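Trainee: Got a structure for you, target-v9.tsv, holding TSV, C-alpha atoms.
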chain	number	residue	atom	x	y	z
N	1082	MET	CA	87.69	-80.75	132.53
N	1083	SER	CA	86.21	-77.74	134.30
N	1084	THR	CA	85.61	-77.62	138.03
N	1085	MET	CA	81.85	-77.31	137.43
N	1086	VAL	CA	81.74	-80.48	135.34
N	1087	ARG	CA	83.69	-82.40	137.99
N	1088	ARG	CA	81.29	-81.20	140.67
N	1089	LEU	CA	78.29	-82.26	138.59
N	1090	GLN	CA	79.82	-85.67	138.01
N	1091	SER	CA	80.53	-86.06	141.70
N	1092	ALA	CA	76.99	-85.02	142.57
N	1093	ALA	CA	75.56	-87.48	140.05
N	1094	LEU	CA	77.69	-90.31	141.43
N	1095	ALA	CA	76.71	-89.44	145.00
N	1096	GLY	CA	73.03	-89.24	144.03
N	1097	GLY	CA	73.19	-92.56	142.21
N	1098	ALA	CA	74.91	-94.17	145.17
N	1099	ALA	CA	72.24	-92.81	147.51
N	1100	VAL	CA	69.44	-94.14	145.32
N	1101	ALA	CA	71.17	-97.52	145.06
N	1102	ALA	CA	71.60	-97.64	148.82
N	1103	ALA	CA	67.96	-96.72	149.39
N	1104	LEU	CA	66.77	-99.38	146.95
N	1105	GLY	CA	69.07	-101.90	148.54
N	1106	TYR	CA	67.66	-101.09	151.96
N	1107	TYR	CA	64.07	-101.28	150.66
N	1108	THR	CA	64.59	-104.78	149.26
N	1109	THR	CA	65.67	-106.01	152.70
N	1110	LEU	CA	62.41	-104.92	154.36
N	1111	ASP	CA	59.60	-107.35	155.07
N	1112	VAL	CA	56.24	-106.75	153.39
N	1113	GLN	CA	54.64	-104.99	156.35
N	1114	LYS	CA	57.54	-102.55	156.65
N	1115	LYS	CA	57.23	-101.73	152.96
N	1116	PHE	CA	53.55	-100.88	153.47
N	1117	GLU	CA	54.37	-98.72	156.47
N	1118	LEU	CA	57.16	-96.93	154.60
N	1119	ALA	CA	54.85	-96.19	151.68
N	1120	SER	CA	52.23	-94.76	154.03
N	1121	ALA	CA	54.85	-92.59	155.76
N	1122	ALA	CA	54.77	-90.30	152.73
N	1123	GLY	CA	51.20	-89.30	153.61
N	1124	PRO	CA	51.96	-86.10	155.55
N	1125	LEU	CA	54.13	-84.83	152.71
N	1126	LEU	CA	51.42	-85.51	150.13
N	1127	ARG	CA	48.81	-83.81	152.29
N	1128	SER	CA	50.95	-80.67	152.30
N	1129	ILE	CA	50.32	-80.15	148.59
N	1130	ASP	CA	47.18	-79.61	146.53
N	1131	ALA	CA	44.73	-82.49	146.96
N	1132	GLU	CA	44.29	-83.19	143.25
N	1133	GLU	CA	48.04	-83.08	142.65
N	1134	ALA	CA	48.52	-85.55	145.52
N	1135	HIS	CA	45.88	-87.80	143.96
N	1136	ARG	CA	47.76	-87.72	140.67
N	1137	ILE	CA	51.05	-88.55	142.39
N	1138	GLY	CA	49.39	-91.56	144.01
N	1139	ILE	CA	48.17	-92.84	140.64
N	1140	LEU	CA	51.62	-92.39	139.10
N	1141	ALA	CA	53.30	-94.15	142.03
N	1142	ALA	CA	51.00	-97.15	141.56
N	1143	LYS	CA	51.44	-97.04	137.79
N	1144	TRP	CA	55.24	-96.99	138.01
N	1145	GLY	CA	55.42	-99.87	140.48
N	1146	LEU	CA	56.36	-97.76	143.50
N	1147	PHE	CA	53.60	-99.13	145.71
N	1148	PRO	CA	54.35	-102.18	147.89
N	1149	ARG	CA	53.03	-105.51	146.63
N	1150	GLU	CA	51.20	-107.86	148.96
N	1151	THR	CA	52.68	-111.35	149.01
N	1152	ARG	CA	50.96	-112.67	152.14
N	1153	SER	CA	47.87	-114.84	151.80
N	1154	ASP	CA	44.53	-113.57	153.04
N	1155	PRO	CA	42.77	-115.47	155.86
N	1156	ASP	CA	40.41	-118.10	154.47
N	1157	CYS	CA	37.49	-116.46	156.27
N	1158	LEU	CA	37.73	-113.43	153.96
N	1159	ARG	CA	37.37	-115.35	150.70
N	1160	LEU	CA	33.96	-115.32	149.03
N	1161	GLN	CA	32.16	-116.10	145.78
N	1162	LEU	CA	29.90	-113.65	143.95
N	1163	TRP	CA	28.58	-113.72	140.39
N	1164	GLY	CA	30.74	-116.74	139.65
N	1165	ARG	CA	33.89	-114.83	140.59
N	1166	THR	CA	36.25	-115.57	143.46
N	1167	PHE	CA	37.12	-112.59	145.65
N	1168	PRO	CA	40.22	-113.26	147.79
N	1169	ASN	CA	38.81	-110.76	150.29
N	1170	PRO	CA	35.87	-108.32	150.35
N	1171	ILE	CA	37.90	-105.10	150.50
N	1172	GLY	CA	37.97	-103.11	147.26
N	1173	LEU	CA	38.81	-99.71	145.84
N	1174	ALA	CA	35.92	-97.50	144.78
N	1175	ALA	CA	35.57	-95.85	141.41
N	1176	GLY	CA	37.01	-92.37	141.17
N	1177	PHE	CA	40.51	-93.24	142.33
N	1178	ASP	CA	41.88	-94.76	139.11
N	1179	LYS	CA	39.53	-93.05	136.69
N	1180	ASP	CA	41.34	-94.07	133.50
N	1181	ALA	CA	42.61	-97.57	134.42
N	1182	GLU	CA	46.22	-96.45	134.48
N	1183	ALA	CA	47.37	-98.28	137.60
N	1184	VAL	CA	45.32	-101.48	137.93
N	1185	LYS	CA	48.30	-103.75	138.53
N	1186	GLY	CA	49.81	-101.56	141.23
N	1187	LEU	CA	46.51	-100.97	143.03
N	1188	LEU	CA	45.29	-104.57	143.00
N	1189	GLY	CA	48.79	-105.49	144.11
N	1190	LEU	CA	48.12	-103.79	147.45
N	1191	GLY	CA	46.12	-106.88	148.36
N	1192	LEU	CA	42.69	-105.56	147.45
N	1193	GLY	CA	40.07	-108.16	146.69
N	1194	PHE	CA	38.74	-106.05	143.84
N	1195	MET	CA	38.63	-102.55	142.42
N	1196	GLU	CA	36.54	-100.39	140.11
N	1197	VAL	CA	38.07	-98.18	137.45
N	1198	GLY	CA	36.21	-95.11	136.22
N	1199	SER	CA	33.79	-93.53	136.08
N	1200	VAL	CA	34.42	-93.71	132.34
N	1201	THR	CA	32.47	-91.54	129.90
N	1202	PRO	CA	32.08	-92.44	126.21
N	1203	LYS	CA	33.88	-89.30	125.02
N	1204	PRO	CA	36.82	-87.61	126.74
N	1205	GLN	CA	35.85	-84.69	128.95
N	1206	PRO	CA	37.85	-82.47	131.33
N	1207	GLY	CA	35.39	-82.38	134.22
N	1208	ASN	CA	34.70	-79.29	136.27
N	1209	ASP	CA	37.00	-76.32	136.72
N	1210	LYS	CA	39.84	-76.46	139.25
N	1211	PRO	CA	40.19	-76.32	142.20
N	1212	ARG	CA	37.69	-79.13	142.63
N	1213	VAL	CA	39.06	-81.24	145.50
N	1214	PHE	CA	39.16	-79.99	149.09
N	1215	ARG	CA	40.42	-81.69	152.24
N	1216	LEU	CA	38.68	-81.47	155.61
N	1217	GLN	CA	41.85	-82.60	157.33
N	1218	GLU	CA	40.56	-82.64	160.90
N	1219	LEU	CA	37.77	-85.01	159.87
N	1220	LYS	CA	39.86	-87.05	157.42
N	1221	ALA	CA	37.21	-86.19	154.85
N	1222	ILE	CA	37.19	-84.80	151.31
N	1223	ILE	CA	34.79	-82.74	149.23
N	1224	ASN	CA	35.19	-83.20	145.49
N	1225	ARG	CA	33.43	-81.91	142.43
N	1226	TYR	CA	35.54	-83.59	139.75
N	1227	GLY	CA	32.58	-83.93	137.39
N	1228	PHE	CA	33.45	-87.19	135.61
N	1229	ASN	CA	36.80	-86.07	134.24
N	1230	SER	CA	37.66	-88.93	131.92
N	1231	ALA	CA	40.07	-89.87	129.15
N	1232	GLY	CA	37.09	-91.50	127.42
N	1233	ALA	CA	36.09	-95.07	126.67
N	1234	ASP	CA	38.57	-95.62	123.83
N	1235	ALA	CA	41.58	-94.59	125.92
N	1236	VAL	CA	40.44	-96.68	128.88
N	1237	ALA	CA	39.80	-99.65	126.57
N	1238	HIS	CA	43.41	-99.36	125.37
N	1239	HIS	CA	44.71	-99.31	128.96
N	1240	LEU	CA	42.61	-102.33	129.92
N	1241	GLU	CA	43.53	-104.29	126.80
N	1242	THR	CA	47.20	-103.71	127.59
N	1243	PHE	CA	46.61	-104.83	131.17
N	1244	TRP	CA	44.81	-108.03	130.17
N	1245	LYS	CA	47.48	-108.94	127.62
N	1246	ARG	CA	50.04	-108.69	130.40
N	1247	VAL	CA	47.86	-110.84	132.66
N	1248	GLU	CA	47.82	-113.60	130.02
N	1249	HIS	CA	51.56	-114.03	130.57
N	1250	HIS	CA	51.67	-112.97	134.23
N	1251	PRO	CA	48.44	-114.06	135.98
N	1252	ASP	CA	49.73	-112.80	139.33
N	1253	ASP	CA	49.39	-109.24	137.98
N	1254	LYS	CA	45.63	-109.59	138.61
N	1255	PRO	CA	45.18	-111.05	142.09
N	1256	GLY	CA	41.68	-109.57	142.46
N	1257	VAL	CA	38.45	-108.85	140.58
N	1258	LEU	CA	38.13	-105.88	138.21
N	1259	GLY	CA	35.01	-103.78	137.78
N	1260	VAL	CA	34.37	-100.97	135.29
N	1261	ASN	CA	32.22	-98.03	136.40
N	1262	LEU	CA	30.34	-96.22	133.62
N	1263	GLY	CA	29.25	-92.58	133.50
N	1264	LYS	CA	27.59	-90.26	131.00
N	1265	ASN	CA	29.04	-87.24	129.25
N	1266	LYS	CA	27.98	-83.91	130.73
N	1267	LEU	CA	26.45	-82.62	127.49
N	1268	SER	CA	24.94	-85.89	126.33
N	1269	GLU	CA	21.20	-85.82	125.65
N	1270	ASP	CA	20.80	-89.61	125.72
N	1271	ALA	CA	22.07	-91.10	128.98
N	1272	ALA	CA	20.99	-94.65	128.12
N	1273	ASP	CA	22.97	-94.54	124.90
N	1274	ASP	CA	26.06	-93.32	126.78
N	1275	TYR	CA	25.92	-96.22	129.22
N	1276	ALA	CA	25.29	-98.69	126.41
N	1277	ILE	CA	28.31	-97.36	124.50
N	1278	GLY	CA	30.46	-97.71	127.61
N	1279	LEU	CA	29.26	-101.28	128.07
N	1280	MET	CA	29.95	-102.23	124.47
N	1281	LYS	CA	33.46	-100.75	124.52
N	1282	LEU	CA	34.54	-101.80	128.01
N	1283	GLY	CA	32.37	-104.71	129.12
N	1284	LYS	CA	34.70	-107.33	127.66
N	1285	TYR	CA	37.46	-106.15	129.98
N	1286	ALA	CA	35.28	-106.20	133.14
N	1287	ASP	CA	34.47	-108.85	135.71
N	1288	PHE	CA	31.46	-106.67	136.50
N	1289	VAL	CA	30.05	-103.38	135.22
N	1290	VAL	CA	28.51	-100.54	137.25
N	1291	ILE	CA	25.98	-97.98	135.99
N	1292	ASN	CA	26.75	-94.85	138.00
N	1293	VAL	CA	23.65	-92.66	138.33
N	1294	SER	CA	24.70	-91.17	141.67
N	1295	SER	CA	27.46	-88.61	141.21
N	1296	PRO	CA	26.37	-85.19	142.52
N	1297	ASN	CA	28.76	-83.40	140.17
N	1298	THR	CA	27.09	-84.03	136.79
N	1299	PRO	CA	23.93	-81.96	136.26
N	1300	GLY	CA	20.77	-84.07	136.08
N	1301	LEU	CA	22.52	-87.38	136.74
N	1302	ARG	CA	20.78	-88.18	140.01
N	1303	ALA	CA	17.40	-87.62	138.35
N	1304	LEU	CA	18.07	-90.98	136.67
N	1305	GLN	CA	17.41	-92.62	140.05
N	1306	GLY	CA	13.67	-91.93	139.64
N	1307	ARG	CA	11.63	-95.09	139.20
N	1308	LYS	CA	10.67	-94.73	135.54
N	1309	GLN	CA	13.96	-93.19	134.47
N	1310	LEU	CA	15.99	-95.86	136.24
N	1311	GLN	CA	13.85	-98.74	134.98
N	1312	ASP	CA	14.04	-97.50	131.39
N	1313	LEU	CA	17.80	-96.97	131.68
N	1314	VAL	CA	18.61	-100.32	133.27
N	1315	THR	CA	16.30	-102.18	130.89
N	1316	PHE	CA	17.98	-100.63	127.86
N	1317	VAL	CA	21.53	-101.26	129.07
N	1318	LYS	CA	20.67	-104.80	130.19
N	1319	GLN	CA	19.11	-105.58	126.81
N	1320	THR	CA	22.21	-104.21	125.12
N	1321	ARG	CA	24.34	-106.49	127.26
N	1322	ASP	CA	22.20	-109.55	126.66
N	1323	ASN	CA	22.23	-109.05	122.87
N	1324	LEU	CA	26.03	-109.09	122.67
N	1325	ASP	CA	28.19	-112.17	122.22
N	1326	TRP	CA	30.27	-112.63	125.36
N	1327	GLY	CA	31.79	-116.02	124.65
N	1328	PRO	CA	31.98	-118.93	127.10
N	1329	GLY	CA	32.38	-116.67	130.13
N	1330	GLY	CA	29.00	-115.06	129.59
N	1331	PRO	CA	28.10	-111.41	130.12
N	1332	PRO	CA	29.50	-109.32	132.98
N	1333	PRO	CA	27.17	-108.81	135.95
N	1334	LEU	CA	25.44	-105.42	135.85
N	1335	LEU	CA	25.23	-103.28	139.01
N	1336	VAL	CA	23.70	-99.87	139.74
N	1337	LYS	CA	25.39	-97.29	141.97
N	1338	ILE	CA	23.04	-95.08	143.98
N	1339	ALA	CA	23.46	-91.99	146.14
N	1340	PRO	CA	23.29	-91.88	149.94
N	1341	ASP	CA	20.94	-88.89	149.72
N	1342	VAL	CA	17.90	-90.85	148.49
N	1343	SER	CA	14.56	-90.51	150.30
N	1344	ASP	CA	12.57	-93.43	151.67
N	1345	SER	CA	10.31	-93.35	148.62
N	1346	ASP	CA	13.38	-93.29	146.35
N	1347	LYS	CA	14.72	-96.37	148.12
N	1348	ALA	CA	11.44	-98.21	147.59
N	1349	ASP	CA	11.42	-97.23	143.93
N	1350	ILE	CA	15.02	-98.38	143.43
N	1351	ALA	CA	14.25	-101.70	145.12
N	1352	ALA	CA	11.26	-102.15	142.81
N	1353	VAL	CA	13.42	-101.48	139.76
N	1354	VAL	CA	16.02	-103.95	141.00
N	1355	ALA	CA	13.34	-106.62	141.29
N	1356	ALA	CA	11.72	-105.81	137.94
N	1357	THR	CA	14.94	-105.69	135.93
N	1358	GLN	CA	16.76	-108.43	137.86
N	1359	VAL	CA	19.86	-106.28	138.04
N	1360	ASP	CA	22.80	-108.23	139.46
N	1361	GLY	CA	23.73	-105.92	142.33
N	1362	LEU	CA	23.87	-102.48	143.91
N	1363	VAL	CA	26.67	-100.17	144.99
N	1364	VAL	CA	25.59	-98.14	148.03
N	1365	GLY	CA	26.65	-95.47	147.66
N	1366	ASN	CA	28.38	-92.39	146.37
N	1367	THR	CA	29.41	-89.14	148.06
N	1368	THR	CA	26.80	-86.99	149.79
N	1369	ILE	CA	25.72	-83.43	149.12
N	1370	SER	CA	24.73	-83.16	152.78
N	1371	ARG	CA	27.21	-82.21	155.51
N	1372	PRO	CA	26.54	-84.66	158.35
N	1373	GLY	CA	27.79	-84.19	161.90
N	1374	ALA	CA	30.97	-82.21	162.40
N	1375	ALA	CA	31.29	-81.63	158.65
N	1376	ALA	CA	28.51	-79.04	158.87
N	1377	GLU	CA	30.71	-76.79	161.04
N	1378	HIS	CA	33.88	-77.13	158.99
N	1379	PRO	CA	34.99	-73.98	157.13
N	1380	ARG	CA	35.24	-75.91	153.86
N	1381	SER	CA	31.75	-77.33	154.12
N	1382	ILE	CA	30.56	-74.43	151.97
N	1383	GLN	CA	32.37	-75.91	148.97
N	1384	ALA	CA	30.03	-77.48	146.44
N	1385	GLY	CA	30.49	-81.16	145.73
N	1386	GLY	CA	30.22	-84.60	147.28
N	1387	LEU	CA	31.53	-85.30	150.77
N	1388	SER	CA	33.38	-88.55	151.50
N	1389	GLY	CA	35.16	-89.95	154.53
N	1390	PRO	CA	34.13	-90.77	158.13
N	1391	PRO	CA	31.30	-88.20	158.35
N	1392	LEU	CA	29.50	-90.20	155.64
N	1393	LEU	CA	29.66	-93.56	157.44
N	1394	GLN	CA	26.41	-93.43	159.41
N	1395	LEU	CA	24.33	-92.08	156.52
N	1396	SER	CA	25.70	-94.58	154.01
N	1397	ASN	CA	25.21	-97.46	156.44
N	1398	GLN	CA	21.56	-96.52	156.96
N	1399	VAL	CA	20.90	-96.50	153.21
N	1400	LEU	CA	22.75	-99.81	152.90
N	1401	HIS	CA	20.68	-101.33	155.71
N	1402	ASP	CA	17.45	-100.13	154.11
N	1403	MET	CA	18.32	-101.38	150.62
N	1404	TYR	CA	19.22	-104.81	151.94
N	1405	ARG	CA	15.87	-104.96	153.74
N	1406	LEU	CA	13.89	-103.67	150.76
N	1407	THR	CA	15.50	-106.19	148.40
N	1408	GLY	CA	15.00	-109.02	150.85
N	1409	GLY	CA	18.71	-109.73	151.01
N	1410	LYS	CA	18.44	-111.27	147.54
N	1411	VAL	CA	20.75	-108.87	145.70
N	1412	PRO	CA	24.48	-108.55	146.42
N	1413	ILE	CA	25.44	-105.08	147.63
N	1414	ILE	CA	28.81	-103.33	147.59
N	1415	GLY	CA	28.97	-100.98	150.56
N	1416	CYS	CA	30.91	-97.76	150.14
N	1417	GLY	CA	31.23	-94.62	152.23
N	1418	GLY	CA	33.28	-93.68	155.29
N	1419	VAL	CA	35.30	-96.87	155.73
N	1420	SER	CA	38.63	-96.38	157.49
N	1421	SER	CA	38.94	-99.49	159.67
N	1422	GLY	CA	38.11	-103.17	159.78
N	1423	GLU	CA	35.33	-102.41	162.25
N	1424	ASP	CA	33.80	-99.97	159.74
N	1425	ALA	CA	33.93	-102.65	157.04
N	1426	TYR	CA	32.39	-105.20	159.41
N	1427	ARG	CA	29.50	-102.83	160.23
N	1428	LYS	CA	28.73	-102.54	156.52
N	1429	ILE	CA	28.83	-106.32	156.10
N	1430	ARG	CA	26.46	-106.82	159.03
N	1431	ALA	CA	24.17	-104.16	157.52
N	1432	GLY	CA	24.02	-106.15	154.28
N	1433	ALA	CA	27.15	-105.57	152.19
N	1434	SER	CA	28.87	-108.55	150.60
N	1435	LEU	CA	31.79	-106.37	149.51
N	1436	VAL	CA	33.16	-103.09	150.89
N	1437	GLU	CA	35.01	-100.28	149.12
N	1438	LEU	CA	37.59	-97.73	150.25
N	1439	TYR	CA	38.54	-94.40	148.76
N	1440	THR	CA	39.11	-91.52	151.18
N	1441	GLY	CA	40.54	-93.84	153.82
N	1442	LEU	CA	43.27	-94.89	151.39
N	1443	ALA	CA	43.95	-91.26	150.50
N	1444	TYR	CA	44.53	-90.34	154.15
N	1445	GLU	CA	46.13	-93.50	155.54
N	1446	GLY	CA	48.07	-94.75	152.53
N	1447	PRO	CA	48.67	-98.35	151.41
N	1448	ALA	CA	49.05	-99.68	154.97
N	1449	ILE	CA	45.30	-99.31	155.49
N	1450	VAL	CA	44.62	-102.30	153.21
N	1451	PRO	CA	46.34	-105.05	155.24
N	1452	ALA	CA	45.21	-103.36	158.46
N	1453	ILE	CA	41.53	-103.47	157.49
N	1454	LYS	CA	41.76	-107.08	156.37
N	1455	GLN	CA	43.38	-108.16	159.64
N	1456	GLN	CA	40.87	-106.20	161.73
N	1457	LEU	CA	37.94	-107.59	159.74
N	1458	ALA	CA	39.15	-111.17	160.26
N	1459	GLU	CA	39.38	-110.44	163.98
N	1460	CYS	CA	35.82	-109.08	164.01
N	1461	LEU	CA	34.53	-112.24	162.34
N	1462	GLN	CA	36.39	-114.47	164.77
N	1463	ARG	CA	35.24	-112.41	167.78
N	1464	ASP	CA	31.58	-112.85	166.85
N	1465	GLY	CA	31.85	-116.47	165.81
N	1466	TYR	CA	31.51	-116.14	162.05
N	1467	ALA	CA	33.47	-118.61	159.95
N	1468	SER	CA	33.36	-116.40	156.86
N	1469	VAL	CA	32.33	-113.04	155.47
N	1470	ALA	CA	29.36	-114.70	153.75
N	1471	ASP	CA	28.06	-115.86	157.14
N	1472	ALA	CA	28.07	-112.31	158.50
N	1473	VAL	CA	26.37	-110.59	155.54
N	1474	GLY	CA	23.11	-109.05	156.76
N	1475	ALA	CA	23.59	-110.30	160.33
N	1476	ASP	CA	21.91	-107.19	161.74
N	1477	HIS	CA	18.68	-108.22	160.00
N	1478	ARG	CA	18.31	-111.62	161.63
N	1479	GLN	CA	18.54	-113.34	164.99
N	1480	PRO	CA	20.13	-116.75	164.33
N	1481	ALA	CA	19.74	-119.56	166.80
N	1482	ALA	CA	22.60	-119.96	169.23
N	1483	GLY	CA	25.59	-121.55	167.57
N	1484	LEU	CA	23.99	-121.45	164.11
N	1485	ARG	CA	25.53	-119.35	161.36
N	1486	ARG	CA	23.84	-119.32	157.99
N	1487	SER	CA	26.04	-119.02	154.94
N	1488	ARG	CA	24.86	-116.87	152.03
N	1489	SER	CA	26.18	-117.06	148.51
N	1490	TRP	CA	25.02	-115.87	145.14
N	1491	GLY	CA	25.58	-117.51	141.81
N	1492	ARG	CA	25.89	-115.64	138.58
N	1493	SER	CA	22.64	-114.50	137.00
Now that the file is in, can you turn its structure into structure tokens?

Mentor:
Amino acid sequence: MSTMVRRLQSAALAGGAAVAAALGYYTTLDVQKKFELASAAGPLLRSIDAEEAHRIGILAAKWGLFPRETRSDPDCLRLQLWGRTFPNPIGLAAGFDKDAEAVKGLLGLGLGFMEVGSVTPKPQPGNDKPRVFRLQELKAIINRYGFNSAGADAVAHHLETFWKRVEHHPDDKPGVLGVNLGKNKLSEDAADDYAIGLMKLGKYADFVVINVSSPNTPGLRALQGRKQLQDLVTFVKQTRDNLDWGPGGPPPLLVKIAPDVSDSDKADIAAVVAATQVDGLVVGNTTISRPGAAAEHPRSIQAGGLSGPPLLQLSNQVLHDMYRLTGGKVPIIGCGGVSSGEDAYRKIRAGASLVELYTGLAYEGPAIVPAIKQQLAECLQRDGYASVADAVGADHRQPAAGLRRSRSWGRS
């Protein structure tokens, strides 16, 4: 045997021993330490291209390398919406797991729910690279992905595989699963695209979202106009209601709007929500504006949607307005700028029943999930709320001393 072969064998044995030792050490850690260790890789990931880091995160979740939450959530975080039980109101926004590759690993972080997508009917590559840019000092991101998607058939295959696994291992789905639908860039019939997505993917979803708010698909936000949105939602809702969904009934249908809407746009959207009896709103997407310090950042000149802390105030104002305009009668998922439990609590008080993360997870890693849940529970306790449902829309009312009104929605 040559010297080189012996050296390679020795190196392989040493490497294997090191991996075994590392795995052995990892198994001895408590859950919180595992979350902290996973998040410790953040600086390394942020030293490489943002889209490559995003892909690594998806693969890590897909391959079971993310920590898995085994601790129970505080009872005050549990809530009911649309006939579904959410163990907590903290979810993952669409755009992170676009093709439903890593649902088990991501829900396993202890999220109460997540959205996969946006999914387009046909596969499409999205916009040219580079298309993701970090504003590191602000913990913000500008992206112009452009609905890159493996397509509805591929995502349906991933979700079918996931649900088959859940039949034998129910713990693989500790939270609620939403599917976010988009349209193909070159499609001439947006309503047909969303209807196709619903027909192919609705059976795998606990709820479905019509995304008309991405700034990176030409003409998409024009669908937020009153007539366009009413025609679109009516068509998709009729498609849903004409399908056979079995004993569980059809999935709730939500609409995702942009944070850049005008006051008249907000009134129009609220009117459409009332007329079509849509089941909920997601408020909102990334912004084409550059609020606050983002305006002075060198990368602010990049085209695309801005996410992260600079978006928080703008998104909260739109959330507050939509809750008021809909009379608090429609469940809202609040999204934009959340990086702490206090941020999530502010959205809930403004009118959100559920709250989504994206950029906060990208910057802080898996440890942000248990941290936000703990902080949110502390916020509720501090202000005397027994549950999330009691705090929803609190900024819109002045309850009598010692009286907390609980709000819940059944399934429509």

Trainee: Tell me, as a ChimeraX atom specification, which residues lie within 12 Å of Ile1382 (chain N), counting all atoms listed in the file; anything in the same chain fewer than 4 positions away does not count.

Mentor: /N:1214,1216,1223-1224,1369-1371,1375-1378,1386-1387

Trainee: What separation in Å, quoted to one decimal, exists between CA of Leu1438 (chain N) and CA of Ser1420 (chain N)?

Mentor: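 CA of Ser1420 (chain N) lies at a distance of 7.4 Å from CA of Leu1438 (chain N).
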
Trainee: Enter the distance from CA of Met1280 (chain N) to CA of Gly1193 (chain N), in Å, rounded to one decimal.

Mentor: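 CA of Met1280 (chain N) sits 25.1 Å away from CA of Gly1193 (chain N).
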
Trainee: At a cut-off of 10 Å, using all atoms listed in the file, what residues contact Asn1261 (chain N)? Leave out same-chain residues fewer than 5 positions from it and give the result as a ChimeraX atom specification.

Mentor: /N:1174-1176,1179,1195-1201,1275,1278-1279,1282-1283,1286,1288-1292,1335-1337

Trainee: May I have the residues within 12 Å of Met1403 (chain N) as a ChimeraX atom specification, using all atoms listed in the file and disregarding those fewer than 6 positions away in the same chain?

Mentor: /N:1337-1340,1342-1355,1361-1365,1396-1397,1409-1415,1431-1433,1474,1477
